[in-house]
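Colleague: Dropping a structure here in C-alpha cells format, bear with me for questions.
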Amino acid sequence: MKFINRKQELKFLERKFKSGRAELIILYGRRRIGKTELILKSCTNKKFAYFIGRLESKEDTLKRFNNLLIETFNDKKLLNYPLPNWDAVFDYIAEKTEKRIIFVFDEFPFIVEKFPEIISVFQDKWDSKLKDSNLMVILSGSSVSMMEKYALDYKSPLYGRRTGQWKVDKMGIDYLREFLPCYNIEDLIRVYSCLDTIPGYLTIFSCDKLFFENIKDKVLSKGEFLYEEIEILLREELRDPSNYMSIISSIAGGLTTFNDIYNRTGLDKSLLSKYLHILGNLGVIEKIIPVTEGYKAKLKAKGALYYLKDNFFDFWFRFVYLNKQELEKGNSESVLKNIKPEIERYVSRKFEGFSAEFLPFTDIIDITRIGRWWHKDKEIDIVALNEKTKEILFAECKWQDKVNAEKILEELKEKSKYVQWNNEKRKEHFAIFAKSFKNKKIKGVQLFDLRDIEKLLKKKK
C-alpha cells in the first residue's frame, strides 16, 4: 500500500537530517500507528542502518548487529573479529561517521530489556565521541511508557542528550478515504467510530467488503488481529492490566464520573487516581471539563468527566469484551446480529467527535479551544472558541436523515444563553451537523450534511 500523509513528521526528520550536527531523535507511539513506515520513508535515498529489537538471546542480538554493520559498511573483517559488546559497537560507529548516516534502533525497549547497560554505554559514547560526529540516531518504540522511562524521563541517562522527539499520533480524518477509497462518507464515519484513524487498523479492513462484514470478519472473529489487539497492547504497556481493564470497561459502559468508576471497580481512590492518570498518558482516556472553564478550574478539574479518547478501545470494550464468551465459540454472526442496532447508536455518539475534528475544515472561526460544554441539565455537543477575537461557535450533531434544523437551532440558541463566556463582548456562530436536512435554507446557522462534509474534506486535501 502507498505511504499516506505524515508530512509534518517527514519535514521534521528531514530538517534534523540536514542540521549539520549529531542528532539523537526519540520517536515513539502506540502499536500500528505507522512508526516503522515513517522512519523507512524518511531514510529514502539516504545512507542508513536499520536494526529492530527482538525477543532473542544476547548472542543472537549482537550477531545480527554485527551482520548489519558488515552489510552497511562492507567490512568483511567483522566476519572473523565480530564486535563483542556495545562499547565496541559504538566505538566502531564513531569511526564510521565521516559522512552523514542514520542509525535506527527500532523497538528500542526490547534491546534495553536484554541489555540494560546499553543506555549508560550509549550516554558515555555520546558524550565522549558521538555528539561531535556526523551521526543521526533514531530510537523508536511502541511501548509509550517504556520509551518515556528509558529515553525521555529525567532519571534516564539519555535525558538531556536527545536533540528532538516526536510522538507519532493518529492520522487526520481527511485521510480516511485513502485507506478505503470504495467507501462513501457515511461508512467512513462508521469506520472512524470503530477503528479511529490508526493506519495499521485501517489497512486491515477490506474495500471488497461492506462495513458490517469487515466488523464481523476482522474484529469479531477469534484469531483475527483486531480481536485480541487491545489485550496485547495493554499487556505490552502495563504489568497487570486487569484493574485497568475494569476501569476502561466501566467508562465504556457509560460511567464517566470518578465516584461512579470508584463504586463500580471497588479500587482504592488513590490507586484509581493513579490508574486514570496512567491511562490518560497512554492516550486511552481523557479527563474533560466544560471547554469554557478557566485555567484554575482546569487545575482543580472539579466535576471532570472521563471518556475513552481512543475509538477502537471504546468499540472493543463495548462489543468484543462484553461478548467474549460467545465470540470464543465462533458465534460472530449471531453476535453481530444482536449488536447491530447498538453499533448505530454508538456511531451517533462518535459523530460528535468526528464533527469536532471536521470543524476546522469549515473556516467559520479560527479555533483556539474546542470541546464539550455542560451545566446541570444543559449540554451542547461542541463549543469552539477564539479567545483573541471573542468568537464562540455552538454546534449540535445528529446522526439522522431529514433533520429539522429550525427546531435544533431554536433549542441550541436557548442553551447557548447559559454559557458563561465573554457574554457582553462575544460574537456568536451556530452550526448543525447531520446526515441530511429537511430544509437547508435557514438563516443564522451553518448546516453541514454528509455531502458537504465529503466535499470540504476533498477540497482541503
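Chain labels A, B, ... are given in the sequence in which chains occur in the C-alpha cells; within each chain residues are numbered consecutively from 1, and ligands are likewise numbered from 1 in the order shown.
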Pick out the residues sitting within 9 Å of stretch 7-9 of chain A, and hand them over as an MDAnalysis selection string; count only C-alpha atoms, and ignore anything fewer than 3 positions along from it in its own chain.
Modeller: chainID A and resid 4 12:14 38 42 166 168
Colleague: Just N, CA and C atoms for this one: save the residues we selected as a PDB file, in the first residue's frame.
Modeller:
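New file result-v4.pdb:
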```
ATOM      1  N   ILE A   4       0.984   7.095   3.172  1.00  0.00           N
ATOM      2  CA  ILE A   4      -0.045   8.126   3.249  1.00  0.00           C
ATOM      3  C   ILE A   4       0.318   9.186   4.270  1.00  0.00           C
ATOM      4  N   PHE A  12      10.009  17.211   9.758  1.00  0.00           N
ATOM      5  CA  PHE A  12      10.811  17.268  10.983  1.00  0.00           C
ATOM      6  C   PHE A  12      12.072  16.419  10.855  1.00  0.00           C
ATOM      7  N   LEU A  13      11.923  15.177  10.399  1.00  0.00           N
ATOM      8  CA  LEU A  13      13.072  14.279  10.283  1.00  0.00           C
ATOM      9  C   LEU A  13      14.062  14.755   9.216  1.00  0.00           C
ATOM     10  N   GLU A  14      13.529  15.330   8.143  1.00  0.00           N
ATOM     11  CA  GLU A  14      14.408  15.867   7.092  1.00  0.00           C
ATOM     12  C   GLU A  14      15.210  17.057   7.617  1.00  0.00           C
ATOM     13  N   LEU A  38       7.126   5.271   8.636  1.00  0.00           N
ATOM     14  CA  LEU A  38       7.573   6.668   8.634  1.00  0.00           C
ATOM     15  C   LEU A  38       9.092   6.746   8.616  1.00  0.00           C
ATOM     16  N   SER A  42      11.472   8.208   5.611  1.00  0.00           N
ATOM     17  CA  SER A  42      12.371   9.341   5.828  1.00  0.00           C
ATOM     18  C   SER A  42      13.813   9.008   5.447  1.00  0.00           C
ATOM     19  N   TRP A 166       9.483  13.047  18.906  1.00  0.00           N
ATOM     20  CA  TRP A 166       8.202  13.152  18.198  1.00  0.00           C
ATOM     21  C   TRP A 166       7.326  11.960  18.581  1.00  0.00           C
ATOM     22  N   VAL A 168       4.363   9.962  17.509  1.00  0.00           N
ATOM     23  CA  VAL A 168       3.577   9.736  16.298  1.00  0.00           C
ATOM     24  C   VAL A 168       2.136   9.453  16.710  1.00  0.00           C
TER      25      VAL A 168
END
```
Colleague: Contacts of A:Glu411 at 12 Å or less, counting only C-alpha atoms, minus same-chain residues fewer than 6 places along, as a compact mmCIF listing (two decimals) with N, CA and C atoms, in the first residue's frame?
Modeller:
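Final output, saved to around-v7.txt:
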```
# COMPACT_ATOMS: atom_id res chain seq x y z
N LYS A 378 -28.16 21.04 31.18
CA LYS A 378 -27.91 21.60 29.84
C LYS A 378 -26.60 21.06 29.28
N GLU A 379 -26.62 20.71 27.98
CA GLU A 379 -25.42 20.17 27.34
C GLU A 379 -25.39 20.57 25.88
N ILE A 380 -24.21 20.95 25.39
CA ILE A 380 -24.02 21.28 23.98
C ILE A 380 -22.90 20.39 23.43
N PHE A 394 -21.39 27.44 18.60
CA PHE A 394 -22.17 26.38 19.24
C PHE A 394 -22.63 25.41 18.14
N ALA A 395 -22.42 24.12 18.38
CA ALA A 395 -22.79 23.15 17.34
C ALA A 395 -23.46 21.92 17.94
N GLU A 396 -24.43 21.39 17.21
CA GLU A 396 -25.11 20.15 17.57
C GLU A 396 -24.91 19.14 16.44
N ASN A 404 -34.72 18.33 11.32
CA ASN A 404 -35.41 19.62 11.38
C ASN A 404 -34.44 20.64 11.98
N ALA A 405 -33.69 21.31 11.12
CA ALA A 405 -32.64 22.23 11.57
C ALA A 405 -33.21 23.43 12.30
N LYS A 417 -27.54 30.51 25.87
CA LYS A 417 -27.70 31.61 26.84
C LYS A 417 -27.11 31.26 28.20
N TYR A 418 -26.97 29.99 28.47
CA TYR A 418 -26.45 29.54 29.77
C TYR A 418 -24.93 29.44 29.77
N PHE A 430 -23.43 29.58 14.91
CA PHE A 430 -24.15 28.34 15.17
C PHE A 430 -23.96 27.39 13.99
N ILE A 432 -24.90 23.08 12.66
CA ILE A 432 -25.54 21.79 12.89
C ILE A 432 -24.99 20.79 11.88
```
Colleague: Write out as number ranges by chain which residues come within 7 Å of A:Trp373 when counting only C-alpha atoms, dropping same-chain ones fewer than 4 positions away.
Modeller: A: 290-291, 379-383
Colleague: Rank nothing, just name the residue among A:Glu37, A:Glu59, A:Asp75, A:Glu424 nearest to A:Asp106, using only C-alpha atoms.
Modeller: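 For A:Asp106, the nearest of the candidates is A:Glu37.
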Colleague: Determine, counting only C-alpha atoms, which protein, DNA and RNA residues have an atom within 12 Å of an atom of A:Lys63; residues of the same chain fewer than 3 positions away are not included. Present the result as a PyMOL selection string.
Modeller: chain A and resi 51+56-60+66-70+78-86+89
Colleague: Keeping C-alpha atoms, export the residues of the selection given above as a compact mmCIF listing (two decimals), in the first residue's frame.
Modeller:
```
# COMPACT_ATOMS: atom_id res chain seq x y z
CA PHE A 51 18.03 -2.52 13.47
CA GLU A 56 16.10 -13.42 21.37
CA SER A 57 19.33 -14.22 23.17
CA LYS A 58 22.04 -11.61 23.74
CA GLU A 59 24.38 -13.55 21.48
CA ASP A 60 21.89 -13.54 18.61
CA ASN A 66 27.48 -7.29 13.50
CA ASN A 67 25.87 -8.59 10.31
CA LEU A 68 24.16 -5.24 9.88
CA LEU A 69 27.49 -3.42 10.20
CA ILE A 70 29.11 -5.80 7.70
CA LEU A 78 33.91 -8.29 11.23
CA LEU A 79 33.30 -11.83 9.99
CA ASN A 80 36.43 -13.00 11.78
CA TYR A 81 36.55 -10.37 14.53
CA PRO A 82 32.95 -9.52 15.49
CA LEU A 83 32.34 -6.73 17.98
CA PRO A 84 31.76 -8.37 21.39
CA ASN A 85 29.75 -5.70 23.21
CA TRP A 86 28.02 -2.31 22.91
CA VAL A 89 29.83 -1.25 18.72
```
Colleague: Just give me the gap between atom CA of A:Gly303 and atom CA of A:Ile289 in Å, one decimal is fine.
Modeller: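 Computed distance, atom CA of A:Gly303 to atom CA of A:Ile289, equals 7.0 Å.
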Colleague: Go through stretch 145-339 of chain A and collect every residue that DSSP, computed from the backbone, puts in strand (DSSP E); the answer should be as an MDAnalysis selection string.
Modeller: chainID A and resid 164:167 285:288 305:308
Colleague: If we count only C-alpha atoms and set the cut-off at 12 Å, which residues sit around A:Leu279, ignoring sequence neighbours fewer than 3 positions away in its own chain? Please answer as a compact mmCIF listing (two decimals) with C-alpha atoms, in the first residue's frame.
Modeller:
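Done, and the output landed in part_15.txt:
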```
# COMPACT_ATOMS: atom_id res chain seq x y z
CA VAL A 144 4.90 4.54 25.18
CA SER A 145 5.54 4.03 28.90
CA LEU A 234 -2.39 -3.34 27.43
CA GLU A 237 2.22 -1.26 28.39
CA LEU A 238 1.18 -2.49 31.84
CA PRO A 241 -3.76 -4.94 33.03
CA ASN A 243 -7.54 -3.33 37.06
CA TYR A 244 -7.03 -1.09 34.03
CA MET A 245 -9.43 -3.22 32.01
CA ILE A 247 -11.67 0.89 34.67
CA ILE A 248 -11.87 1.08 30.88
CA ILE A 251 -16.09 4.09 31.26
CA LEU A 272 -7.80 4.71 40.97
CA SER A 273 -6.44 8.23 40.52
CA LYS A 274 -3.04 6.78 39.64
CA TYR A 275 -4.51 4.31 37.13
CA LEU A 276 -6.64 7.00 35.49
CA LEU A 282 -1.27 6.44 27.21
CA GLY A 283 -3.99 8.29 25.27
CA VAL A 284 -6.66 5.72 26.13
CA ILE A 285 -8.90 8.02 28.17
CA GLU A 286 -9.34 11.76 28.52
CA LYS A 287 -10.41 13.81 31.51
CA TYR A 306 -13.84 10.63 31.94
CA TYR A 307 -14.31 9.38 28.40
CA LEU A 308 -12.48 6.93 26.18
CA LYS A 309 -10.37 9.02 23.87
CA ASP A 310 -9.48 6.13 21.58
CA PHE A 313 -10.69 0.94 22.72
```
